[in-house]
Amino acid sequence: MAWRGKSVLKKEDLVGVYRTLGDETIAADGTVTTDASRTAQIMYSADGYMSVVSMPNGRKLTAASSGGPDLNAATPEERAEAAKGMVCYAGHYTLKDDVLHHHVEMALNPNAVGQTIIRKVELKGGDLTLSSVPAKDGSYRRIKWRSVGAK
């Protein structure tokens with residue numbers, strides 16, 4: 001996977017809302033493992049902000065509801081189970097040479113705040129592909145998205 005090259009993408013090309021089509025892990029030998037067991041949405045704004053929410057499919061409902069989107073009425077065990085596998089963060093983004101930098105300003109995982117998540121980006125029509133920086137073993141993750149406005 002090439003990480004260098006002159007970008008033809010501009011920030012305004014990314015603006016919109018995308019839903020996940022699935023993600024893949026690509027091993028150093030090229031073996032692909034597919035995971036479509038998540039529901040996710042990522043958004044990019046014209047003024048340079050982004051957010052993502054990704055959850056495993058099939059999460060259990062809590063016994064009680066506070067009437068809102070929070071977990072205040074849930075037991076500590078239910079809160080832990082509800083958060084398990086969740087990826088939620090937001091902040092601003094920069095784009096240079098087809099590489100996105102997600103600058104995390106808030107997140108479900110407090111350790112992510114202040115971090116920068118780097119992704120190689122490909123955009124073809126309404127389809128967006130974000131790939132992680134390769135790990136030491138050469139493997140990387142590739143997440144495929146489709147614009148909610150794409151036909």
# chains A, B, ... in the order shown; residues from 1 in each chain; ligands from 1
$ residues_around --residues "Arg38 of chain A" --least-positions-apart "3" --cutoff "8 Å" --atoms "only C-alpha atoms" --output "list of chain:residue names"
A:Thr20, A:Gly22, A:Asp35, A:Ser54, A:Met55, A:Pro56, A:Asn57
$ residues_around --residues "Leu123 of chain A" --least-positions-apart "3" --cutoff "9 Å" --atoms "only C-alpha atoms" --output "list in words"
Leu9, Asp13, Leu14, Gly126, Asp127, Leu128, Thr129 and Leu130 of chain A
$ write_last_selection --atoms "N, CA and C atoms" --output "PDB file, in the first residue's frame"
ATOM      1  N   LEU A   9      -7.178  14.944  -4.191  1.00  0.00           N
ATOM      2  CA  LEU A   9      -8.313  15.163  -3.293  1.00  0.00           C
ATOM      3  C   LEU A   9      -8.164  16.488  -2.560  1.00  0.00           C
ATOM      4  N   ASP A  13     -13.896  17.653  -1.097  1.00  0.00           N
ATOM      5  CA  ASP A  13     -14.311  16.404  -1.736  1.00  0.00           C
ATOM      6  C   ASP A  13     -14.858  15.405  -0.712  1.00  0.00           C
ATOM      7  N   LEU A  14     -14.374  15.498   0.536  1.00  0.00           N
ATOM      8  CA  LEU A  14     -14.760  14.547   1.582  1.00  0.00           C
ATOM      9  C   LEU A  14     -16.041  14.928   2.304  1.00  0.00           C
ATOM     10  N   GLY A 126     -19.101   8.005  -4.719  1.00  0.00           N
ATOM     11  CA  GLY A 126     -19.592   8.090  -3.350  1.00  0.00           C
ATOM     12  C   GLY A 126     -18.975   7.083  -2.411  1.00  0.00           C
ATOM     13  N   ASP A 127     -17.966   6.336  -2.870  1.00  0.00           N
ATOM     14  CA  ASP A 127     -17.321   5.325  -2.034  1.00  0.00           C
ATOM     15  C   ASP A 127     -16.005   5.841  -1.475  1.00  0.00           C
ATOM     16  N   LEU A 128     -15.877   5.760  -0.170  1.00  0.00           N
ATOM     17  CA  LEU A 128     -14.703   6.227   0.569  1.00  0.00           C
ATOM     18  C   LEU A 128     -14.022   5.024   1.200  1.00  0.00           C
ATOM     19  N   THR A 129     -12.715   4.917   1.048  1.00  0.00           N
ATOM     20  CA  THR A 129     -11.947   3.860   1.700  1.00  0.00           C
ATOM     21  C   THR A 129     -10.883   4.509   2.569  1.00  0.00           C
ATOM     22  N   LEU A 130     -10.857   4.130   3.839  1.00  0.00           N
ATOM     23  CA  LEU A 130      -9.847   4.610   4.783  1.00  0.00           C
ATOM     24  C   LEU A 130      -9.005   3.424   5.224  1.00  0.00           C
TER      25      LEU A 130
END
$ select_by_dssp --residues "chain A" --states "alpha helix (DSSP H)" --output "PyMOL selection string"
chain A and resi 11-14+76-83
$ residues_around --residues "Ala63 of chain A" --least-positions-apart "5" --cutoff "10 Å" --atoms "only C-alpha atoms" --output "list in words"
Ala73, Ala74, Thr75 and Glu78 of chain A
$ write_last_selection --atoms "N, CA and C atoms" --output "short mmCIF file (atom, residue, chain, number, x, y, z; two decimals), in the first residue's frame"
data_model
loop_
_atom_site.label_atom_id
_atom_site.label_comp_id
_atom_site.auth_asym_id
_atom_site.auth_seq_id
_atom_site.Cartn_x
_atom_site.Cartn_y
_atom_site.Cartn_z
N ALA A 73 -29.52 5.56 33.54
CA ALA A 73 -30.38 4.64 34.27
C ALA A 73 -29.85 3.21 34.26
N ALA A 74 -28.81 2.95 33.51
CA ALA A 74 -28.26 1.60 33.41
C ALA A 74 -27.40 1.26 34.62
N THR A 75 -27.29 -0.02 34.91
CA THR A 75 -26.40 -0.47 35.98
C THR A 75 -24.95 -0.34 35.50
N GLU A 78 -24.31 -2.95 32.90
CA GLU A 78 -24.94 -2.65 31.63
C GLU A 78 -24.17 -1.56 30.88
#
$ residues_around --residues "segment 28-32 of chain A" --least-positions-apart "6" --cutoff "10 Å" --atoms "only C-alpha atoms" --output "NGL selection string"
:A and (134-142)
$ write_last_selection --atoms "C-alpha atoms" --output "short mmCIF file (atom, residue, chain, number, x, y, z; two decimals), in the first residue's frame"
data_model
loop_
_atom_site.label_atom_id
_atom_site.label_comp_id
_atom_site.auth_asym_id
_atom_site.auth_seq_id
_atom_site.Cartn_x
_atom_site.Cartn_y
_atom_site.Cartn_z
CA PRO A 134 0.58 -0.61 8.42
CA ALA A 135 1.51 -2.38 11.67
CA LYS A 136 5.03 -3.62 12.34
CA ASP A 137 4.08 -6.99 10.84
CA GLY A 138 2.90 -5.28 7.62
CA SER A 139 -0.82 -5.83 8.18
CA TYR A 140 -3.32 -2.99 7.99
CA ARG A 141 -7.03 -2.31 8.32
CA ARG A 142 -9.20 -0.99 5.50
#
$ closest_residue --among "A:Thr34, A:Val52, A:Ser132, A:Lys124" --to "Arg146 of chain A" --atoms "only C-alpha atoms"
A:Lys124
$ residues_around --residues "Met43 of chain A" --least-positions-apart "4" --cutoff "7 Å" --atoms "only C-alpha atoms" --output "PyMOL selection string"
chain A and resi 16-18+50-52
$ atom_distance --atom1 "atom CA of His102 of chain A" --atom2 "atom CA of Thr116 of chain A"
5.4 Å
$ select_by_dssp --residues "segment 9-140 of chain A" --states "strand (DSSP E or B)" --output "number ranges by chain"
A: 16-26, 32-35, 38-44, 49-56, 87-96, 99-107, 116-124, 127-132, 140
$ write_last_selection --atoms "C-alpha atoms" --output "PDB file, in the first residue's frame"
ATOM      1  CA  GLY A  16     -20.602  14.544   3.771  1.00  0.00           C
ATOM      2  CA  VAL A  17     -21.972  11.622   5.745  1.00  0.00           C
ATOM      3  CA  TYR A  18     -20.874   8.052   5.054  1.00  0.00           C
ATOM      4  CA  ARG A  19     -22.115   4.687   6.330  1.00  0.00           C
ATOM      5  CA  THR A  20     -19.869   1.673   6.600  1.00  0.00           C
ATOM      6  CA  LEU A  21     -19.927  -1.115   4.043  1.00  0.00           C
ATOM      7  CA  GLY A  22     -17.578  -3.221   6.184  1.00  0.00           C
ATOM      8  CA  ASP A  23     -13.947  -3.462   7.069  1.00  0.00           C
ATOM      9  CA  GLU A  24     -11.078  -5.732   6.228  1.00  0.00           C
ATOM     10  CA  THR A  25      -7.768  -6.687   7.739  1.00  0.00           C
ATOM     11  CA  ILE A  26      -5.080  -7.222   5.142  1.00  0.00           C
ATOM     12  CA  VAL A  32      -7.882 -10.513   3.484  1.00  0.00           C
ATOM     13  CA  THR A  33     -10.179 -11.096   6.468  1.00  0.00           C
ATOM     14  CA  THR A  34     -13.576  -9.392   6.188  1.00  0.00           C
ATOM     15  CA  ASP A  35     -15.688  -8.119   9.096  1.00  0.00           C
ATOM     16  CA  ARG A  38     -20.493  -3.426  12.690  1.00  0.00           C
ATOM     17  CA  THR A  39     -22.716  -0.465  11.972  1.00  0.00           C
ATOM     18  CA  ALA A  40     -20.892   2.842  11.658  1.00  0.00           C
ATOM     19  CA  GLN A  41     -21.172   6.390  10.404  1.00  0.00           C
ATOM     20  CA  ILE A  42     -18.465   8.963   9.727  1.00  0.00           C
ATOM     21  CA  MET A  43     -19.011  12.635   8.892  1.00  0.00           C
ATOM     22  CA  TYR A  44     -16.746  15.344   7.484  1.00  0.00           C
ATOM     23  CA  TYR A  49     -14.488  18.806  11.620  1.00  0.00           C
ATOM     24  CA  MET A  50     -15.241  15.090  11.698  1.00  0.00           C
ATOM     25  CA  SER A  51     -16.919  12.522  13.884  1.00  0.00           C
ATOM     26  CA  VAL A  52     -17.317   8.766  13.831  1.00  0.00           C
ATOM     27  CA  VAL A  53     -19.518   6.314  15.718  1.00  0.00           C
ATOM     28  CA  SER A  54     -18.993   2.592  15.216  1.00  0.00           C
ATOM     29  CA  MET A  55     -20.813  -0.125  17.114  1.00  0.00           C
ATOM     30  CA  PRO A  56     -20.951  -3.883  17.022  1.00  0.00           C
ATOM     31  CA  VAL A  87     -15.585   3.423  18.793  1.00  0.00           C
ATOM     32  CA  CYS A  88     -16.682   7.050  19.106  1.00  0.00           C
ATOM     33  CA  TYR A  89     -14.562  10.121  18.572  1.00  0.00           C
ATOM     34  CA  ALA A  90     -14.694  13.604  17.079  1.00  0.00           C
ATOM     35  CA  GLY A  91     -12.368  16.477  16.335  1.00  0.00           C
ATOM     36  CA  HIS A  92     -10.896  18.288  13.389  1.00  0.00           C
ATOM     37  CA  TYR A  93      -9.219  16.783  10.345  1.00  0.00           C
ATOM     38  CA  THR A  94      -6.503  17.701   7.898  1.00  0.00           C
ATOM     39  CA  LEU A  95      -5.787  16.216   4.478  1.00  0.00           C
ATOM     40  CA  LYS A  96      -2.449  16.186   2.679  1.00  0.00           C
ATOM     41  CA  VAL A  99      -3.499  11.068   3.946  1.00  0.00           C
ATOM     42  CA  LEU A 100      -6.126  12.088   6.500  1.00  0.00           C
ATOM     43  CA  HIS A 101      -5.248  13.118  10.028  1.00  0.00           C
ATOM     44  CA  HIS A 102      -8.108  12.829  12.520  1.00  0.00           C
ATOM     45  CA  HIS A 103      -7.118  15.075  15.445  1.00  0.00           C
ATOM     46  CA  VAL A 104      -9.147  13.622  18.332  1.00  0.00           C
ATOM     47  CA  GLU A 105     -10.667  16.253  20.642  1.00  0.00           C
ATOM     48  CA  MET A 106     -13.284  14.070  22.376  1.00  0.00           C
ATOM     49  CA  ALA A 107     -13.807  10.322  22.536  1.00  0.00           C
ATOM     50  CA  THR A 116      -3.979  11.818  15.875  1.00  0.00           C
ATOM     51  CA  ILE A 117      -5.398   8.913  13.890  1.00  0.00           C
ATOM     52  CA  ILE A 118      -3.844   8.628  10.444  1.00  0.00           C
ATOM     53  CA  ARG A 119      -5.649   7.115   7.458  1.00  0.00           C
ATOM     54  CA  LYS A 120      -4.806   6.780   3.764  1.00  0.00           C
ATOM     55  CA  VAL A 121      -7.864   7.932   1.861  1.00  0.00           C
ATOM     56  CA  GLU A 122      -9.335   6.897  -1.471  1.00  0.00           C
ATOM     57  CA  LEU A 123     -12.526   8.416  -2.847  1.00  0.00           C
ATOM     58  CA  LYS A 124     -14.243   6.999  -5.926  1.00  0.00           C
ATOM     59  CA  ASP A 127     -17.321   5.325  -2.034  1.00  0.00           C
ATOM     60  CA  LEU A 128     -14.703   6.227   0.569  1.00  0.00           C
ATOM     61  CA  THR A 129     -11.947   3.860   1.700  1.00  0.00           C
ATOM     62  CA  LEU A 130      -9.847   4.610   4.783  1.00  0.00           C
ATOM     63  CA  SER A 131      -6.765   2.467   5.456  1.00  0.00           C
ATOM     64  CA  SER A 132      -4.705   2.409   8.634  1.00  0.00           C
ATOM     65  CA  TYR A 140      -3.323  -2.990   7.994  1.00  0.00           C
TER      66      TYR A 140
END
$ closest_residue --among "A:Asp47, A:Ala64, A:Lys84, A:Asp98" --to "Val8 of chain A" --atoms "only C-alpha atoms"
A:Asp98
$ atom_distance --atom1 "atom CA of Gly125 of chain A" --atom2 "atom CA of Met86 of chain A"
28.3 Å
$ atom_distance --atom1 "atom CA of Lys144 of chain A" --atom2 "atom CA of Ser37 of chain A"
13.0 Å
